[in-house]
Amino acid sequence: MSHVSRGFSGRRRDAPAGRLPPGQYDVGDGFPVLSAGPVPYTEPDEWDFTVQGQVDEVRRWSWQEFKQLPREPVTVDIHCVTSWSKFATRWEGVSVETLLAEVETAGDYVLAFSDGGYTTNLPLDDVVDGKAWVVDTYDGSPLEPEHGGPARLLVPHLYFWKSAKWVRGLVLNLVDEPGFWENFGYHNYGDPWKEQRYAGD
Amino acid sequence: MAVTRETPRVRRIRLRPPDWPGHVAGQHVDVRLTAPDGYTAQRSYSIASPPSQPEVELIVERLDDGEVSPYLTDELRAGDLLEVRGPIGGYFVWPEHSGTAVQLVAGGSGVVPFVAMLAHHRTSGSSVPVRLLYSARTDADVIAREELRPRPGSAVVLTFTRDAPADWTGPRGRIDRELLVRHSAPPEQSPAILICGSTPFVEAVTREFVAIGHAAERIKTERYGGMGDTS
């Protein structure tokens, strides 16, 4: 159990009640950038999004086709495992529910994959029913490459490494396949409210 | 525990965590502070000591608007208990079996994981050629000066972005393409490249490495601890 740190009182306590998971702080107007390697710069005409794996038929959308799909504005709090949280971030994009609407699958797991080789795994249940989006707009502007543009996954109820930057598709799997950080000791599920930062939490 | 002054803004913290399982050079720990009312704050800090050393050393820079780092640099003292968790991270670590040259590039306190890597390189008798390119503001800001002295098989190049010492003959200014071409392992050597520092630093240096012909998959980046804590 935690002991009290002599002389520590904490400085950032102005977060709205009930919105800051344990061990997190409110980053305010900042928006830290995290990635494991170089930022890939993918032009929209080279971009597509596919749903593949254990599916009846592979689905593919070009950038133009993706832009024609029904869109939703999303305003959510996000929580990074490195301990910053950011409240009321404004995004716009396509619900994963919409992308999977006509897909028939026996899989219960999803592996999101990205330009640059990044992957992250999620239970299928955690990306449907309006819990996840593929977003291409942040705060009213096209999503910057350093924040994952042209498009990133947004799964705000899990730690933010699950919201894969530069996402290019989803693989539906029968078995749960750990992604990039999940293979390096980070928690397989990543619920910030249960502080599931690392394997074993 | 002991705390010593590394630079005006930086402290070195020596710990003896009970049941420390050992670590790999480049890994970090999470430090958690708890207030009397149960409020907690935690941040990630890179380990500066090599795996062969029984004491675990952290090197922490004070961020003026930070919550945890000012406590560690200003308040913490010998005898205090500090809650740490780790070691954490298996990605941004010394490439033990790379078989090629290793190029390290640090901005400011981003040098800390490389202090551990160079110490490990030395203590393990590694024959892999390693180079560190280290950008500091001024001479007074240089961290781990003694440990970063060049030795056979490991080259250290410093550049000063604000003021260089009067007798300085080495490079000056920010790390740009020309400085990289002159002072880093060339693409023909296919070096493993590790870059650590602030986000703008990491972005700029990474872009230049790709532009001069290094493969993106040879480049690993980290922003100030863990997956990239900024405070």
# chains A, B, ... in the order shown; residues from 1 in each chain; ligands from 1

$ interface_residues --of "chain B" --to "chain A" --cutoff "8 Å" --atoms "only C-alpha atoms" --output "VMD selection string"
chain B and resid 33 to 36 38 to 44 67 71 75 80 to 83 88 to 91 199 203 206 to 207 216 to 217 219 to 223 226 to 230

$ residues_around --residues "Phe66 of chain A" --least-positions-apart "5" --cutoff "10 Å" --atoms "only C-alpha atoms" --output "VMD selection string"
chain A and resid 47 to 49 60 to 61 71 93 to 94 99 134 136

$ write_last_selection --atoms "N, CA and C atoms" --output "PDB file, in the first residue's frame"
ATOM      1  N   TRP A  47      -4.187   6.409 -48.774  1.00  0.00           N
ATOM      2  CA  TRP A  47      -4.769   5.863 -47.544  1.00  0.00           C
ATOM      3  C   TRP A  47      -5.990   5.016 -47.867  1.00  0.00           C
ATOM      4  N   ASP A  48      -6.133   3.901 -47.193  1.00  0.00           N
ATOM      5  CA  ASP A  48      -7.429   3.211 -47.192  1.00  0.00           C
ATOM      6  C   ASP A  48      -7.633   2.590 -45.818  1.00  0.00           C
ATOM      7  N   PHE A  49      -8.820   2.108 -45.596  1.00  0.00           N
ATOM      8  CA  PHE A  49      -9.148   1.469 -44.327  1.00  0.00           C
ATOM      9  C   PHE A  49      -9.787   0.131 -44.642  1.00  0.00           C
ATOM     10  N   ARG A  60     -13.152  -2.638 -47.729  1.00  0.00           N
ATOM     11  CA  ARG A  60     -12.120  -1.629 -47.934  1.00  0.00           C
ATOM     12  C   ARG A  60     -12.768  -0.314 -48.329  1.00  0.00           C
ATOM     13  N   TRP A  61     -12.318   0.756 -47.701  1.00  0.00           N
ATOM     14  CA  TRP A  61     -12.776   2.095 -48.057  1.00  0.00           C
ATOM     15  C   TRP A  61     -11.570   2.938 -48.461  1.00  0.00           C
ATOM     16  N   ARG A  71     -21.072  10.446 -40.424  1.00  0.00           N
ATOM     17  CA  ARG A  71     -20.080  10.956 -39.481  1.00  0.00           C
ATOM     18  C   ARG A  71     -20.737  11.388 -38.179  1.00  0.00           C
ATOM     19  N   GLY A  93     -15.628  11.806 -36.758  1.00  0.00           N
ATOM     20  CA  GLY A  93     -15.245  10.670 -37.580  1.00  0.00           C
ATOM     21  C   GLY A  93     -16.378   9.678 -37.709  1.00  0.00           C
ATOM     22  N   VAL A  94     -15.998   8.432 -38.024  1.00  0.00           N
ATOM     23  CA  VAL A  94     -16.968   7.392 -38.324  1.00  0.00           C
ATOM     24  C   VAL A  94     -16.953   6.375 -37.182  1.00  0.00           C
ATOM     25  N   LEU A  99     -18.630   0.971 -39.448  1.00  0.00           N
ATOM     26  CA  LEU A  99     -17.697   0.230 -40.307  1.00  0.00           C
ATOM     27  C   LEU A  99     -17.956  -1.269 -40.259  1.00  0.00           C
ATOM     28  N   VAL A 134     -13.299   5.879 -35.788  1.00  0.00           N
ATOM     29  CA  VAL A 134     -12.111   6.220 -36.574  1.00  0.00           C
ATOM     30  C   VAL A 134     -12.266   7.700 -36.903  1.00  0.00           C
ATOM     31  N   ASP A 136     -10.929  11.619 -38.059  1.00  0.00           N
ATOM     32  CA  ASP A 136     -10.001  12.316 -38.951  1.00  0.00           C
ATOM     33  C   ASP A 136      -9.986  13.820 -38.679  1.00  0.00           C
TER      34      ASP A 136
END

$ select_by_dssp --residues "segment 35-139 of chain A" --states "alpha helix (DSSP H)" --output "number ranges by chain"
A: 63-68, 96-99

$ atom_distance --atom1 "atom CA of Arg218 of chain B" --atom2 "atom CA of His120 of chain B"
20.8 Å

$ closest_residue --among "B:His28, B:His121, B:Arg62, B:Arg12" --to "Arg151 of chain B" --atoms "only C-alpha atoms"
B:His121

$ residues_around --residues "Val127 of chain A" --least-positions-apart "5" --cutoff "12 Å" --atoms "only C-alpha atoms" --output "list in words"
Val94, Ser95, Val96, Glu97, Thr98, Leu99, Leu100, Ala101, Asp108, Tyr109, Val110, Leu111, Ala112, Asn121, Leu122, Ala132, Trp133, Val134, Leu153, Leu154, Val155, Pro156, His157, Leu158, Lys162, Ser163, Leu170 and Leu172 of chain A
